[in-house]
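A.B. asks: To start, I am sharing the structure in question, which I have written as C-alpha cells.
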Amino acid sequence: MEKLEHHREIVKQVLTEYSKRKPAHGEVEVYPSFDEQGEHYQVISAGWHNQRRIYGCSIHIDLKNDKIWILLSFVDSLTFIYRIR
C-alpha cells in the first residue's frame with residue numbers, strides 16, 4: 001500500500017505540474033483529472049481556437065498491480081521528467 005501511495009503522489013505531482021503549461025494559441029484550459037478510487041489520472045484540454053472546439057486528453061495514466069501504466073501520452077518528455085523508484 002505504501003508503494004501505491006508513493007506512485008499516486010508522483011503521478012499527481014507530474015500531471016499537476018504539466019497542466020500548468022498553457023497552449024500558445026487559443027482560449028484553452030488545461031487541467032488534471034484524478035480518479036483515486038479507479039486509479040485513473042489524466043490531463044484534459046478544453047476550449048476554443050479559431051472558432052473550433054478543442055477537447056482531448058493529452059496524458060492518461062493508470063496505476064495497476066503496483067505499476068504505473070502510461071496509456072496515452074502526447075508528451076515525448078513525460079516519461080523522462082521523473083525517475084520513479
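Here's how to read the names in the C-alpha cells: chain A, B, ... by the order shown, residue numbers from 1 in each chain, ligand numbers from 1 in the order shown.
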Check the DSSP output for the backbone and give back, as a VMD selection string, the residues of chain A in helix (DSSP H, G or I).

C.D. replies: chain A and resid 2 to 19 78 to 81

A.B. asks: If we count only C-alpha atoms, what is near region 63-68 of chain A at a cut-off of 7 Å, once residues fewer than 5 positions away on the same chain are taken out, given as a ChimeraX atom specification?

C.D. replies: /A:3-4,39-40

A.B. asks: Could you list, as a PyMOL selection string, every residue within 12 Å of Glu36 (chain A), counting only C-alpha atoms and ignoring same-chain residues fewer than 6 positions away?

C.D. replies: chain A and resi 4-5+7-9+11-12+42+61-64

A.B. asks: Within 10 Å of region 50-54 of chain A, counting only C-alpha atoms, which residues qualify if same-chain residues fewer than 4 places away don't, as a PyMOL selection string?

C.D. replies: chain A and resi 25-29+45-46

A.B. asks: Please dump the current selection as an mmCIF file, in the first residue's frame; keep N, CA and C atoms.

C.D. replies:
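Output (part-v9.cif):
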data_model
loop_
_atom_site.group_PDB
_atom_site.id
_atom_site.type_symbol
_atom_site.label_atom_id
_atom_site.label_comp_id
_atom_site.auth_asym_id
_atom_site.auth_seq_id
_atom_site.Cartn_x
_atom_site.Cartn_y
_atom_site.Cartn_z
ATOM 1 N N HIS A 25 -1.665 29.119 -28.278
ATOM 2 C CA HIS A 25 -2.752 29.704 -29.069
ATOM 3 C C HIS A 25 -4.105 29.293 -28.511
ATOM 4 N N GLY A 26 -5.084 30.158 -28.707
ATOM 5 C CA GLY A 26 -6.457 29.832 -28.345
ATOM 6 C C GLY A 26 -6.756 30.044 -26.882
ATOM 7 N N GLU A 27 -8.024 29.907 -26.569
ATOM 8 C CA GLU A 27 -8.525 30.001 -25.197
ATOM 9 C C GLU A 27 -8.772 28.574 -24.707
ATOM 10 N N VAL A 28 -7.701 27.914 -24.316
ATOM 11 C CA VAL A 28 -7.777 26.505 -23.929
ATOM 12 C C VAL A 28 -7.367 26.351 -22.472
ATOM 13 N N GLU A 29 -8.229 25.690 -21.703
ATOM 14 C CA GLU A 29 -7.937 25.393 -20.305
ATOM 15 C C GLU A 29 -7.325 23.991 -20.241
ATOM 16 N N SER A 45 -7.559 18.912 -21.929
ATOM 17 C CA SER A 45 -7.549 20.250 -22.531
ATOM 18 C C SER A 45 -8.935 20.520 -23.108
ATOM 19 N N ALA A 46 -9.463 21.709 -22.813
ATOM 20 C CA ALA A 46 -10.796 22.066 -23.323
ATOM 21 C C ALA A 46 -10.850 23.562 -23.582
#

A.B. asks: Between A:Val43, A:Trp69, A:Gln37, A:Cys57, which is the closest to Ser19 (chain A) once you count only C-alpha atoms?

C.D. replies: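 Going through A:Val43, A:Trp69, A:Gln37, A:Cys57 one by one, the smallest distance to Ser19 (chain A) is for A:Val43.
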
A.B. asks: Which residues in region 1-33 of chain A does DSSP call strand (DSSP E or B)? List them as a list in words.

C.D. replies: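 Residues of region 1-33 of chain A classed as strand (DSSP E or B): Glu27, Val28, Glu29, Val30, Tyr31, Pro32 and Ser33 of chain A.
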
A.B. asks: What separation in Å, quoted to one decimal, exists between CA of Asp35 (chain A) and CA of Pro23 (chain A)?

C.D. replies: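 Taking CA of Asp35 (chain A) and CA of Pro23 (chain A), their separation equals 24.3 Å.
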
A.B. asks: From the options A:Gln13, A:Gly47, A:Met1, A:His6, which residue's atoms come nearest to Val30 (chain A), counting only C-alpha atoms?

C.D. replies: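 Once distances to Val30 (chain A) are computed over only C-alpha atoms, the minimum belongs to A:Gly47.
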
A.B. asks: What does the distance between CA of Val14 (chain A) and CA of Glu2 (chain A) come to in Å, to one decimal place?

C.D. replies: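 It comes out at 18.6 Å.
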
A.B. asks: Identify, on the basis of only C-alpha atoms, every residue whose closest approach to Leu15 (chain A) does not exceed 12 Å; exclude the query and any residue fewer than 5 positions from it along the same chain; express the result as number ranges by chain.

C.D. replies: A: 8-10, 20-21, 30-34, 40-44, 57-61, 70, 73, 75, 78-79, 81-82
